[in-house]
>>> print(open('entry_33.pdb').read())   # PDB, C-alpha atoms and all ligand atoms
ATOM      1  CA  MET A1274      24.673 -53.310 -17.008  1.00  0.00           C
ATOM      2  CA  THR A1275      24.687 -50.905 -19.917  1.00  0.00           C
ATOM      3  CA  ASN A1276      27.573 -50.855 -22.329  1.00  0.00           C
ATOM      4  CA  PHE A1277      28.389 -47.500 -24.001  1.00  0.00           C
ATOM      5  CA  ARG A1278      30.715 -47.009 -26.953  1.00  0.00           C
ATOM      6  CA  PHE A1279      31.792 -43.810 -28.718  1.00  0.00           C
ATOM      7  CA  THR A1280      33.573 -43.658 -32.068  1.00  0.00           C
ATOM      8  CA  ASN A1281      34.188 -41.549 -35.146  1.00  0.00           C
ATOM      9  CA  GLU A1282      35.194 -44.503 -37.311  1.00  0.00           C
ATOM     10  CA  HIS A1283      32.400 -45.635 -39.584  1.00  0.00           C
ATOM     11  CA  SER A1284      31.899 -48.290 -42.209  1.00  0.00           C
ATOM     12  CA  SER A1285      28.957 -47.879 -44.610  1.00  0.00           C
ATOM     13  CA  ALA A1286      26.792 -49.865 -42.196  1.00  0.00           C
ATOM     14  CA  GLY A1287      27.919 -47.657 -39.302  1.00  0.00           C
ATOM     15  CA  ALA A1288      27.042 -44.541 -41.290  1.00  0.00           C
ATOM     16  CA  ALA A1289      23.545 -45.929 -41.868  1.00  0.00           C
ATOM     17  CA  ASP A1290      23.098 -46.520 -38.106  1.00  0.00           C
ATOM     18  CA  VAL A1291      24.152 -42.952 -37.358  1.00  0.00           C
ATOM     19  CA  ILE A1292      21.789 -41.499 -39.928  1.00  0.00           C
ATOM     20  CA  ASP A1293      18.941 -43.590 -38.495  1.00  0.00           C
ATOM     21  CA  VAL A1294      19.317 -41.678 -35.227  1.00  0.00           C
ATOM     22  CA  LEU A1295      18.926 -38.403 -37.118  1.00  0.00           C
ATOM     23  CA  ARG A1296      15.848 -39.707 -38.968  1.00  0.00           C
ATOM     24  CA  ARG A1297      13.942 -40.414 -35.764  1.00  0.00           C
ATOM     25  CA  PRO A1298      11.415 -37.825 -34.673  1.00  0.00           C
ATOM     26  CA  ARG A1299      13.107 -35.270 -32.505  1.00  0.00           C
ATOM     27  CA  LEU A1300      11.425 -33.635 -29.568  1.00  0.00           C
ATOM     28  CA  TRP A1301      12.288 -30.050 -30.356  1.00  0.00           C
ATOM     29  CA  ILE A1302      12.225 -29.940 -34.116  1.00  0.00           C
ATOM     30  CA  PRO A1303       9.232 -30.111 -36.422  1.00  0.00           C
ATOM     31  CA  THR A1304      11.690 -31.337 -39.058  1.00  0.00           C
ATOM     32  CA  GLU A1305       9.520 -31.014 -42.188  1.00  0.00           C
ATOM     33  CA  HIS A1306       8.823 -27.378 -41.422  1.00  0.00           C
ATOM     34  CA  ASP A1307      12.182 -26.230 -40.059  1.00  0.00           C
ATOM     35  CA  TYR A1308      14.402 -28.204 -42.431  1.00  0.00           C
ATOM     36  CA  PRO A1309      12.342 -28.954 -45.566  1.00  0.00           C
ATOM     37  CA  ASN A1310      15.211 -30.781 -47.302  1.00  0.00           C
ATOM     38  CA  HIS A1311      16.238 -32.779 -44.270  1.00  0.00           C
ATOM     39  CA  ASP A1312      15.705 -36.244 -45.806  1.00  0.00           C
ATOM     40  CA  ALA A1313      17.758 -35.410 -48.893  1.00  0.00           C
ATOM     41  CA  TRP A1314      20.455 -33.935 -46.615  1.00  0.00           C
ATOM     42  CA  LEU A1315      20.509 -37.158 -44.591  1.00  0.00           C
ATOM     43  CA  ASP A1316      20.892 -39.342 -47.692  1.00  0.00           C
ATOM     44  CA  LYS A1317      23.802 -37.197 -48.872  1.00  0.00           C
ATOM     45  CA  THR A1318      25.339 -37.116 -45.404  1.00  0.00           C
ATOM     46  CA  GLU A1319      25.205 -40.908 -45.043  1.00  0.00           C
ATOM     47  CA  ALA A1320      27.322 -41.282 -48.192  1.00  0.00           C
ATOM     48  CA  GLN A1321      29.665 -38.498 -47.040  1.00  0.00           C
ATOM     49  CA  ILE A1322      30.237 -40.140 -43.641  1.00  0.00           C
ATOM     50  CA  ALA A1323      31.009 -43.459 -45.316  1.00  0.00           C
ATOM     51  CA  SER A1324      33.500 -41.730 -47.680  1.00  0.00           C
ATOM     52  CA  GLY A1325      35.044 -39.550 -44.929  1.00  0.00           C
ATOM     53  CA  ALA A1326      33.948 -36.247 -46.493  1.00  0.00           C
ATOM     54  CA  LYS A1327      31.977 -35.592 -43.313  1.00  0.00           C
ATOM     55  CA  ARG A1328      32.806 -36.985 -39.890  1.00  0.00           C
ATOM     56  CA  ALA A1329      30.446 -38.328 -37.254  1.00  0.00           C
ATOM     57  CA  MET A1330      31.254 -38.731 -33.582  1.00  0.00           C
ATOM     58  CA  SER A1331      28.612 -41.220 -32.546  1.00  0.00           C
ATOM     59  CA  GLY A1332      27.496 -43.036 -29.446  1.00  0.00           C
ATOM     60  CA  TYR A1333      26.128 -46.552 -29.016  1.00  0.00           C
ATOM     61  CA  MET A1334      24.250 -48.067 -26.086  1.00  0.00           C
ATOM     62  CA  GLY A1335      24.770 -51.769 -26.530  1.00  0.00           C
ATOM     63  CA  ASN A1336      24.516 -52.231 -30.310  1.00  0.00           C
ATOM     64  CA  ARG A1337      22.105 -49.344 -30.814  1.00  0.00           C
ATOM     65  CA  ALA A1338      23.222 -45.949 -32.115  1.00  0.00           C
ATOM     66  CA  ILE A1339      21.852 -43.306 -29.724  1.00  0.00           C
ATOM     67  CA  GLY A1340      23.426 -40.062 -30.817  1.00  0.00           C
ATOM     68  CA  ALA A1341      25.784 -38.291 -33.147  1.00  0.00           C
ATOM     69  CA  VAL A1342      27.581 -35.037 -33.816  1.00  0.00           C
ATOM     70  CA  ILE A1343      28.212 -34.542 -37.540  1.00  0.00           C
ATOM     71  CA  TYR A1344      31.068 -32.231 -38.487  1.00  0.00           C
ATOM     72  CA  ARG A1345      33.300 -31.221 -41.376  1.00  0.00           C
ATOM     73  CA  GLN A1346      36.004 -28.750 -42.257  1.00  0.00           C
ATOM     74  CA  SER A1347      34.340 -25.640 -43.657  1.00  0.00           C
ATOM     75  CA  PRO A1348      34.831 -25.552 -47.446  1.00  0.00           C
ATOM     76  CA  GLU A1349      34.860 -21.727 -47.283  1.00  0.00           C
ATOM     77  CA  ASP A1350      37.333 -21.320 -44.422  1.00  0.00           C
ATOM     78  CA  LEU A1351      39.767 -24.086 -43.519  1.00  0.00           C
ATOM     79  CA  ASP A1352      40.235 -22.564 -40.034  1.00  0.00           C
ATOM     80  CA  ILE A1353      36.626 -23.406 -39.192  1.00  0.00           C
ATOM     81  CA  VAL A1354      34.966 -26.694 -38.323  1.00  0.00           C
ATOM     82  CA  ASP A1355      31.246 -26.695 -39.114  1.00  0.00           C
ATOM     83  CA  ILE A1356      29.161 -28.780 -36.765  1.00  0.00           C
ATOM     84  CA  ARG A1357      26.312 -29.831 -39.000  1.00  0.00           C
ATOM     85  CA  ASN A1358      24.060 -31.718 -36.613  1.00  0.00           C
ATOM     86  CA  ILE A1359      23.811 -32.679 -32.956  1.00  0.00           C
ATOM     87  CA  SER A1360      21.229 -35.294 -32.003  1.00  0.00           C
ATOM     88  CA  VAL A1361      20.677 -37.650 -29.105  1.00  0.00           C
ATOM     89  CA  SER A1362      17.781 -40.151 -29.102  1.00  0.00           C
ATOM     90  CA  ASP A1363      14.901 -39.200 -26.803  1.00  0.00           C
ATOM     91  CA  ASP A1364      15.378 -42.240 -24.606  1.00  0.00           C
ATOM     92  CA  ALA A1365      19.107 -41.599 -24.090  1.00  0.00           C
ATOM     93  CA  ARG A1366      18.936 -37.936 -23.086  1.00  0.00           C
ATOM     94  CA  GLY A1367      20.130 -36.453 -19.801  1.00  0.00           C
ATOM     95  CA  ARG A1368      23.116 -38.841 -19.510  1.00  0.00           C
ATOM     96  CA  TYR A1369      25.636 -36.303 -20.846  1.00  0.00           C
ATOM     97  CA  VAL A1370      25.836 -38.274 -24.084  1.00  0.00           C
ATOM     98  CA  GLY A1371      25.289 -35.023 -26.041  1.00  0.00           C
ATOM     99  CA  SER A1372      27.954 -33.224 -24.005  1.00  0.00           C
ATOM    100  CA  PHE A1373      30.437 -36.079 -24.395  1.00  0.00           C
ATOM    101  CA  LEU A1374      29.847 -36.361 -28.154  1.00  0.00           C
ATOM    102  CA  LEU A1375      30.180 -32.606 -28.656  1.00  0.00           C
ATOM    103  CA  ARG A1376      33.400 -32.304 -26.631  1.00  0.00           C
ATOM    104  CA  ASN A1377      34.958 -35.304 -28.334  1.00  0.00           C
ATOM    105  CA  ALA A1378      33.928 -34.097 -31.787  1.00  0.00           C
ATOM    106  CA  GLU A1379      35.578 -30.740 -30.966  1.00  0.00           C
ATOM    107  CA  LEU A1380      38.806 -32.357 -29.750  1.00  0.00           C
ATOM    108  CA  GLU A1381      38.982 -34.934 -32.509  1.00  0.00           C
ATOM    109  CA  ALA A1382      38.315 -32.273 -35.146  1.00  0.00           C
ATOM    110  CA  SER A1383      40.802 -29.709 -33.834  1.00  0.00           C
ATOM    111  CA  GLN A1384      43.587 -32.062 -32.745  1.00  0.00           C
ATOM    112  CA  ILE A1385      43.403 -35.007 -35.142  1.00  0.00           C
ATOM    113  CA  ASP A1386      41.234 -34.371 -38.200  1.00  0.00           C
ATOM    114  CA  PHE A1387      41.867 -30.689 -38.914  1.00  0.00           C
ATOM    115  CA  PRO A1388      44.798 -29.318 -36.884  1.00  0.00           C
ATOM    116  CA  GLY A1389      44.894 -25.533 -37.147  1.00  0.00           C
ATOM    117  CA  THR A1390      41.162 -25.169 -36.564  1.00  0.00           C
ATOM    118  CA  ARG A1391      40.461 -21.819 -34.893  1.00  0.00           C
ATOM    119  CA  GLU A1392      36.730 -21.957 -34.399  1.00  0.00           C
ATOM    120  CA  PHE A1393      33.733 -24.287 -34.212  1.00  0.00           C
ATOM    121  CA  VAL A1394      30.539 -23.014 -35.858  1.00  0.00           C
ATOM    122  CA  VAL A1395      27.057 -24.485 -35.561  1.00  0.00           C
ATOM    123  CA  ASP A1396      23.608 -23.243 -36.494  1.00  0.00           C
ATOM    124  CA  THR A1397      20.201 -23.962 -35.077  1.00  0.00           C
ATOM    125  CA  LYS A1398      16.719 -22.490 -35.405  1.00  0.00           C
ATOM    126  CA  ILE A1399      16.186 -19.579 -33.014  1.00  0.00           C
ATOM    127  CA  ALA A1400      12.982 -21.335 -31.918  1.00  0.00           C
ATOM    128  CA  ASN A1401      15.106 -24.240 -30.653  1.00  0.00           C
ATOM    129  CA  THR A1402      15.826 -22.575 -27.323  1.00  0.00           C
ATOM    130  CA  GLU A1403      16.831 -25.849 -25.672  1.00  0.00           C
ATOM    131  CA  MET A1404      19.566 -26.387 -28.254  1.00  0.00           C
ATOM    132  CA  ILE A1405      20.698 -22.777 -27.885  1.00  0.00           C
ATOM    133  CA  GLU A1406      20.902 -23.251 -24.100  1.00  0.00           C
ATOM    134  CA  PHE A1407      22.739 -26.558 -24.541  1.00  0.00           C
ATOM    135  CA  LEU A1408      25.276 -24.874 -26.841  1.00  0.00           C
ATOM    136  CA  MET A1409      25.686 -21.855 -24.563  1.00  0.00           C
ATOM    137  CA  SER A1410      26.346 -24.167 -21.624  1.00  0.00           C
ATOM    138  CA  HIS A1411      29.175 -25.600 -23.744  1.00  0.00           C
ATOM    139  CA  GLY A1412      30.807 -22.250 -24.471  1.00  0.00           C
ATOM    140  CA  TYR A1413      29.088 -21.226 -27.725  1.00  0.00           C
ATOM    141  CA  SER A1414      27.748 -17.726 -28.282  1.00  0.00           C
ATOM    142  CA  ILE A1415      25.457 -16.314 -30.949  1.00  0.00           C
ATOM    143  CA  LYS A1416      27.354 -14.608 -33.796  1.00  0.00           C
ATOM    144  CA  GLU A1417      24.478 -13.891 -36.135  1.00  0.00           C
ATOM    145  CA  ILE A1418      20.747 -14.405 -36.571  1.00  0.00           C
ATOM    146  CA  THR A1419      19.736 -14.873 -40.187  1.00  0.00           C
ATOM    147  CA  ASP A1420      17.626 -16.957 -42.588  1.00  0.00           C
ATOM    148  CA  LEU A1421      20.565 -19.195 -43.525  1.00  0.00           C
ATOM    149  CA  TYR A1422      18.837 -21.529 -45.932  1.00  0.00           C
ATOM    150  CA  GLY A1423      16.415 -19.108 -47.594  1.00  0.00           C
ATOM    151  CA  LEU A1424      13.605 -21.668 -47.499  1.00  0.00           C
ATOM    152  CA  GLY A1425      11.168 -19.582 -45.492  1.00  0.00           C
ATOM    153  CA  ALA A1426      11.583 -21.972 -42.568  1.00  0.00           C
ATOM    154  CA  GLY A1427      12.384 -19.411 -39.889  1.00  0.00           C
ATOM    155  CA  LEU A1428      15.472 -17.674 -38.614  1.00  0.00           C
ATOM    156  CA  ASP A1429      18.664 -19.495 -37.703  1.00  0.00           C
ATOM    157  CA  ALA A1430      21.110 -18.658 -34.929  1.00  0.00           C
ATOM    158  CA  VAL A1431      24.723 -19.043 -36.026  1.00  0.00           C
ATOM    159  CA  MET A1432      26.752 -19.904 -32.924  1.00  0.00           C
ATOM    160  CA  ALA A1433      30.504 -20.158 -32.507  1.00  0.00           C
ATOM    161  CA  LYS A1434      33.179 -21.097 -30.025  1.00  0.00           C
ATOM    162  CA  PRO A1435      36.927 -20.473 -30.291  1.00  0.00           C
ATOM    163  CA  VAL A1436      39.172 -23.508 -30.118  1.00  0.00           C
ATOM    164  CA  GLN A1437      40.842 -23.862 -26.740  1.00  0.00           C
ATOM    165  CA  LEU A1438      43.292 -26.703 -26.801  1.00  0.00           C
ATOM    166  CA  VAL A1439      43.577 -28.693 -23.572  1.00  0.00           C
TER     167      VAL A1439
HETATM  168  C1  LIG B1501      20.370 -31.076 -27.005  1.00  0.00           C
HETATM  169  C2  LIG B1501      20.726 -32.560 -26.883  1.00  0.00           C
HETATM  170  C3  LIG B1501      21.835 -32.866 -27.893  1.00  0.00           C
HETATM  171  C4  LIG B1501      21.204 -32.786 -25.463  1.00  0.00           C
HETATM  172  O1  LIG B1501      21.643 -34.127 -25.356  1.00  0.00           O
HETATM  173  P1  LIG B1501      21.761 -34.821 -23.924  1.00  0.00           P
HETATM  174  O2  LIG B1501      22.666 -35.970 -24.065  1.00  0.00           O
HETATM  175  O3  LIG B1501      20.426 -35.067 -23.346  1.00  0.00           O
HETATM  176  O4  LIG B1501      22.439 -33.620 -23.092  1.00  0.00           O
HETATM  177  P2  LIG B1501      23.352 -33.729 -21.832  1.00  0.00           P
HETATM  178  O5  LIG B1501      22.854 -34.815 -20.926  1.00  0.00           O
HETATM  179  O6  LIG B1501      24.759 -33.801 -22.284  1.00  0.00           O
HETATM  180  O7  LIG B1501      23.039 -32.300 -21.175  1.00  0.00           O
HETATM  181  C5  LIG B1501      24.073 -31.471 -20.763  1.00  0.00           C
HETATM  182  C6  LIG B1501      23.581 -30.059 -20.485  1.00  0.00           C
HETATM  183  O8  LIG B1501      22.875 -29.541 -21.606  1.00  0.00           O
HETATM  184  C7  LIG B1501      21.778 -28.756 -21.187  1.00  0.00           C
HETATM  185  N1  LIG B1501      20.511 -29.357 -21.648  1.00  0.00           N
HETATM  186  C8  LIG B1501      20.314 -30.646 -22.022  1.00  0.00           C
HETATM  187  N2  LIG B1501      19.009 -30.846 -22.321  1.00  0.00           N
HETATM  188  C9  LIG B1501      18.403 -29.659 -22.115  1.00  0.00           C
HETATM  189  C10 LIG B1501      17.050 -29.225 -22.222  1.00  0.00           C
HETATM  190  N3  LIG B1501      16.056 -30.051 -22.568  1.00  0.00           N
HETATM  191  N4  LIG B1501      16.771 -27.932 -21.963  1.00  0.00           N
HETATM  192  C11 LIG B1501      17.737 -27.061 -21.567  1.00  0.00           C
HETATM  193  N5  LIG B1501      19.033 -27.412 -21.437  1.00  0.00           N
HETATM  194  C12 LIG B1501      19.348 -28.698 -21.699  1.00  0.00           C
HETATM  195  C13 LIG B1501      21.866 -28.735 -19.703  1.00  0.00           C
HETATM  196  O9  LIG B1501      22.630 -27.586 -19.361  1.00  0.00           O
HETATM  197  C14 LIG B1501      22.644 -29.983 -19.322  1.00  0.00           C
HETATM  198  O10 LIG B1501      23.420 -29.831 -18.169  1.00  0.00           O
HETATM  199  P3  LIG B1501      22.838 -30.045 -16.668  1.00  0.00           P
HETATM  200  O11 LIG B1501      22.016 -31.301 -16.698  1.00  0.00           O
HETATM  201  O12 LIG B1501      24.066 -30.190 -15.856  1.00  0.00           O
HETATM  202  O13 LIG B1501      22.070 -28.813 -16.397  1.00  0.00           O
HETATM  203  C15 LIG B1501      19.514 -33.496 -27.142  1.00  0.00           C
HETATM  204  O14 LIG B1501      18.462 -33.185 -26.265  1.00  0.00           O
HETATM  205  C16 LIG B1501      18.981 -33.434 -28.567  1.00  0.00           C
HETATM  206  O15 LIG B1501      19.378 -34.217 -29.411  1.00  0.00           O
HETATM  207  N6  LIG B1501      18.067 -32.516 -28.866  1.00  0.00           N
HETATM  208  C17 LIG B1501      17.540 -32.303 -30.195  1.00  0.00           C
HETATM  209  C18 LIG B1501      18.686 -31.950 -31.113  1.00  0.00           C
HETATM  210  C19 LIG B1501      18.430 -30.920 -32.165  1.00  0.00           C
HETATM  211  O16 LIG B1501      17.576 -30.067 -31.995  1.00  0.00           O
HETATM  212  N7  LIG B1501      19.222 -31.036 -33.271  1.00  0.00           N
HETATM  213  C20 LIG B1501      19.100 -30.194 -34.422  1.00  0.00           C
HETATM  214  C21 LIG B1501      19.886 -28.902 -34.381  1.00  0.00           C
HETATM  215  S1  LIG B1501      21.647 -29.127 -34.554  1.00  0.00           S
END
>>> encode(input="entry_33.pdb", output="structure tokens")
Amino acid sequence: MTNFRFTNEHSSAGAADVIDVLRRPRLWIPTEHDYPNHDAWLDKTEAQIASGAKRAMSGYMGNRAIGAVIYRQSPEDLDIVDIRNISVSDDARGRYVGSFLLRNAELEASQIDFPGTREFVVDTKIANTEMIEFLMSHGYSIKEITDLYGLGAGLDAVMAKPVQLV
């Protein structure tokens, strides 16, 4: 039997487990090239999850963290929730863990964490067609294609979805 658990409550140790998932090599992303500052971003994000400045909806299989959706209220527009990362471990894919984490991050963000949210926004490299398809199958559409980070690491697709409360 496999025991799954999903939560967005994290102690410091829990934040470290979540970040470990994001540090693992990911199938679709040559991380060093596409996101040159990824390790520094992860270190900062781990502290922000522990302090509550960023939220993580994460999934565990047994005691092992297998995926997370990192989100926060946009500092520029309080009506927007920025989804900052979506990752599921290679060996846990295809079980709808990513779908479950994304939907629950959306509901938790819009109903509990940041009521009044109008829109979810997420960005991904345009080369990451699988992620774009995954997001489209969950109601996101492309708003803009731009070099968001200005690091010469390729174009980013900015994707958005309006909040639809259930
Ligand atoms: C995308 C990702 C989150 C999907 O997680 P998952 O738990 O395997 O996905 P699910 O099982 O919930 O898949 C649900 C749907 O997503 C789509 N999908 C999932 N994997 C896909 C793939 N490899 N290619 C195309 N579509 C895919 C499918 O439509 C699938 O539905 P279906 O099986 O009914 O057709 C996961 O593969 C991942 O972490 N990828 C790398 C993440 C990444 O690039 N992060 C950085 C940018 S934010």
>>> closest_residue(input="entry_33.pdb", among="A:Thr1397, A:Thr1390, A:Ser1383, A:Gln1346", to="ligand LIG 1501 (chain B)", atoms="all atoms listed in the file")
A:Thr1397
>>> closest_atom_pairs(input="entry_33.pdb", of="chain A", to="ligand LIG 1501 (chain B)", cutoff="8 Å", atoms="all atoms listed in the file", output="JSON lines")
{"residue": "A:Arg1299", "atom": "CA", "partner": "B:LIG1501", "partner_atom": "C17", "distance": 5.8}
{"residue": "A:Leu1300", "atom": "CA", "partner": "B:LIG1501", "partner_atom": "C17", "distance": 6.3}
{"residue": "A:Trp1301", "atom": "CA", "partner": "B:LIG1501", "partner_atom": "O16", "distance": 5.5}
{"residue": "A:Ile1302", "atom": "CA", "partner": "B:LIG1501", "partner_atom": "O16", "distance": 5.8}
{"residue": "A:Gly1340", "atom": "CA", "partner": "B:LIG1501", "partner_atom": "O15", "distance": 7.2}
{"residue": "A:Ile1356", "atom": "CA", "partner": "B:LIG1501", "partner_atom": "S1", "distance": 7.8}
{"residue": "A:Arg1357", "atom": "CA", "partner": "B:LIG1501", "partner_atom": "S1", "distance": 6.5}
{"residue": "A:Asn1358", "atom": "CA", "partner": "B:LIG1501", "partner_atom": "S1", "distance": 4.1}
{"residue": "A:Ile1359", "atom": "CA", "partner": "B:LIG1501", "partner_atom": "S1", "distance": 4.5}
{"residue": "A:Ser1360", "atom": "CA", "partner": "B:LIG1501", "partner_atom": "O15", "distance": 3.4}
{"residue": "A:Val1361", "atom": "CA", "partner": "B:LIG1501", "partner_atom": "O15", "distance": 3.7}
{"residue": "A:Ser1362", "atom": "CA", "partner": "B:LIG1501", "partner_atom": "O15", "distance": 6.2}
{"residue": "A:Asp1363", "atom": "CA", "partner": "B:LIG1501", "partner_atom": "O14", "distance": 7.0}
{"residue": "A:Ala1365", "atom": "CA", "partner": "B:LIG1501", "partner_atom": "O2", "distance": 6.7}
{"residue": "A:Arg1366", "atom": "CA", "partner": "B:LIG1501", "partner_atom": "O3", "distance": 3.2}
{"residue": "A:Gly1367", "atom": "CA", "partner": "B:LIG1501", "partner_atom": "O5", "distance": 3.4}
{"residue": "A:Arg1368", "atom": "CA", "partner": "B:LIG1501", "partner_atom": "O5", "distance": 4.3}
{"residue": "A:Tyr1369", "atom": "CA", "partner": "B:LIG1501", "partner_atom": "O6", "distance": 3.0}
{"residue": "A:Val1370", "atom": "CA", "partner": "B:LIG1501", "partner_atom": "O2", "distance": 3.9}
{"residue": "A:Gly1371", "atom": "CA", "partner": "B:LIG1501", "partner_atom": "O2", "distance": 3.4}
{"residue": "A:Ser1372", "atom": "CA", "partner": "B:LIG1501", "partner_atom": "O6", "distance": 3.7}
{"residue": "A:Phe1373", "atom": "CA", "partner": "B:LIG1501", "partner_atom": "O6", "distance": 6.5}
{"residue": "A:Val1395", "atom": "CA", "partner": "B:LIG1501", "partner_atom": "S1", "distance": 7.2}
{"residue": "A:Asp1396", "atom": "CA", "partner": "B:LIG1501", "partner_atom": "S1", "distance": 6.5}
{"residue": "A:Thr1397", "atom": "CA", "partner": "B:LIG1501", "partner_atom": "C21", "distance": 5.0}
{"residue": "A:Lys1398", "atom": "CA", "partner": "B:LIG1501", "partner_atom": "C21", "distance": 7.2}
{"residue": "A:Asn1401", "atom": "CA", "partner": "B:LIG1501", "partner_atom": "O16", "distance": 6.5}
{"residue": "A:Thr1402", "atom": "CA", "partner": "B:LIG1501", "partner_atom": "C11", "distance": 7.5}
{"residue": "A:Glu1403", "atom": "CA", "partner": "B:LIG1501", "partner_atom": "N4", "distance": 4.3}
{"residue": "A:Met1404", "atom": "CA", "partner": "B:LIG1501", "partner_atom": "C1", "distance": 4.9}
{"residue": "A:Glu1406", "atom": "CA", "partner": "B:LIG1501", "partner_atom": "N5", "distance": 5.3}
{"residue": "A:Phe1407", "atom": "CA", "partner": "B:LIG1501", "partner_atom": "C7", "distance": 4.1}
{"residue": "A:Leu1408", "atom": "CA", "partner": "B:LIG1501", "partner_atom": "O8", "distance": 7.4}
{"residue": "A:Ser1410", "atom": "CA", "partner": "B:LIG1501", "partner_atom": "O9", "distance": 5.5}
{"residue": "A:His1411", "atom": "CA", "partner": "B:LIG1501", "partner_atom": "O8", "distance": 7.7}
>>> closest_residue(input="entry_33.pdb", among="A:Ala1430, A:Val1294, A:Ile1405, A:Ala1313", to="Arg1337 in chain A", atoms="only C-alpha atoms")
A:Val1294
>>> closest_residue(input="entry_33.pdb", among="A:Ile1339, A:Leu1380, A:Val1394, A:Val1431", to="Glu1417 in chain A", atoms="all atoms listed in the file")
A:Val1431
>>> atom_distance(input="entry_33.pdb", atom1="CA of Leu1375 in chain A", atom2="CA of Ala1426 in chain A")
25.5 Å
>>> residues_near_point(input="entry_33.pdb", point="(34.1, -48.8, -39.7)", cutoff="12 Å", atoms="only C-alpha atoms", output="number ranges by chain")
A: 1280-1291, 1322-1325, 1328-1329, 1331
>>> residues_near_point(input="entry_33.pdb", point="(32.8, -45.8, -23.7)", cutoff="12 Å", atoms="all atoms listed in the file", output="PDB file with C-alpha atoms, in the frame of the given file")
ATOM      1  CA  THR A1275      24.687 -50.905 -19.917  1.00  0.00           C
ATOM      2  CA  ASN A1276      27.573 -50.855 -22.329  1.00  0.00           C
ATOM      3  CA  PHE A1277      28.389 -47.500 -24.001  1.00  0.00           C
ATOM      4  CA  ARG A1278      30.715 -47.009 -26.953  1.00  0.00           C
ATOM      5  CA  PHE A1279      31.792 -43.810 -28.718  1.00  0.00           C
ATOM      6  CA  THR A1280      33.573 -43.658 -32.068  1.00  0.00           C
ATOM      7  CA  SER A1331      28.612 -41.220 -32.546  1.00  0.00           C
ATOM      8  CA  GLY A1332      27.496 -43.036 -29.446  1.00  0.00           C
ATOM      9  CA  TYR A1333      26.128 -46.552 -29.016  1.00  0.00           C
ATOM     10  CA  MET A1334      24.250 -48.067 -26.086  1.00  0.00           C
ATOM     11  CA  GLY A1335      24.770 -51.769 -26.530  1.00  0.00           C
ATOM     12  CA  VAL A1370      25.836 -38.274 -24.084  1.00  0.00           C
ATOM     13  CA  PHE A1373      30.437 -36.079 -24.395  1.00  0.00           C
ATOM     14  CA  LEU A1374      29.847 -36.361 -28.154  1.00  0.00           C
ATOM     15  CA  ASN A1377      34.958 -35.304 -28.334  1.00  0.00           C
TER      16      ASN A1377
END
>>> closest_residue(input="entry_33.pdb", among="A:Ala1341, A:Ile1292, A:Ala1433, A:Ile1353", to="Ser1414 in chain A", atoms="only C-alpha atoms")
A:Ala1433
>>> axis_aligned_box(input="entry_33.pdb", around="range 1326-1329 of chain A", padding_each_side="3 Å", output="AutoDock Vina command-line options")
--center_x 32.2 --center_y -37.0 --center_z -41.9 --size_x 9.5 --size_y 8.7 --size_z 15.2
>>> residues_around(input="entry_33.pdb", residues="range 1347-1352 of chain A", least_positions_apart="6", cutoff="8 Å", atoms="all atoms listed in the file", output="ChimeraX atom specification")
/A:1389-1392
>>> closest_residue(input="entry_33.pdb", among="A:Ala1400, A:Ala1338, A:Ala1378, A:Met1409", to="Asp1429 in chain A", atoms="only C-alpha atoms")
A:Ala1400
>>> closest_residue(input="entry_33.pdb", among="A:Met1274, A:Ile1418, A:Ile1343, A:Met1330", to="Trp1314 in chain A", atoms="all atoms listed in the file")
A:Ile1343
>>> decode(input="entry_33.pdb", residues="range 1386-1414 of chain A", atoms="C-alpha atoms", output="compact mmCIF listing (two decimals), in the first residue's frame")
# COMPACT_ATOMS: atom_id res chain seq x y z
CA ASP A 1386 -4.61 32.52 1.81
CA PHE A 1387 -5.50 35.45 -0.45
CA PRO A 1388 -9.27 35.90 -0.80
CA GLY A 1389 -10.03 38.38 -3.58
CA THR A 1390 -7.55 36.79 -5.97
CA ARG A 1391 -8.72 37.33 -9.55
CA GLU A 1392 -6.08 35.51 -11.52
CA PHE A 1393 -3.34 32.88 -11.31
CA VAL A 1394 -0.16 33.63 -13.29
CA VAL A 1395 2.70 31.25 -14.03
CA ASP A 1396 5.66 31.38 -16.38
CA THR A 1397 7.63 28.68 -18.09
CA LYS A 1398 10.21 28.49 -20.87
CA ILE A 1399 8.58 28.32 -24.30
CA ALA A 1400 10.82 25.31 -24.98
CA ASN A 1401 9.06 23.46 -22.14
CA THR A 1402 6.18 22.34 -24.33
CA GLU A 1403 5.14 19.59 -21.92
CA MET A 1404 4.65 22.13 -19.13
CA ILE A 1405 2.76 24.43 -21.49
CA GLU A 1406 0.48 21.52 -22.46
CA PHE A 1407 0.04 20.56 -18.81
CA LEU A 1408 -0.96 24.14 -17.95
CA MET A 1409 -3.28 24.46 -20.94
CA SER A 1410 -5.01 21.23 -19.94
CA HIS A 1411 -5.65 22.94 -16.59
CA GLY A 1412 -7.23 26.05 -18.08
CA TYR A 1413 -4.21 28.35 -18.50
CA SER A 1414 -3.61 30.33 -21.68
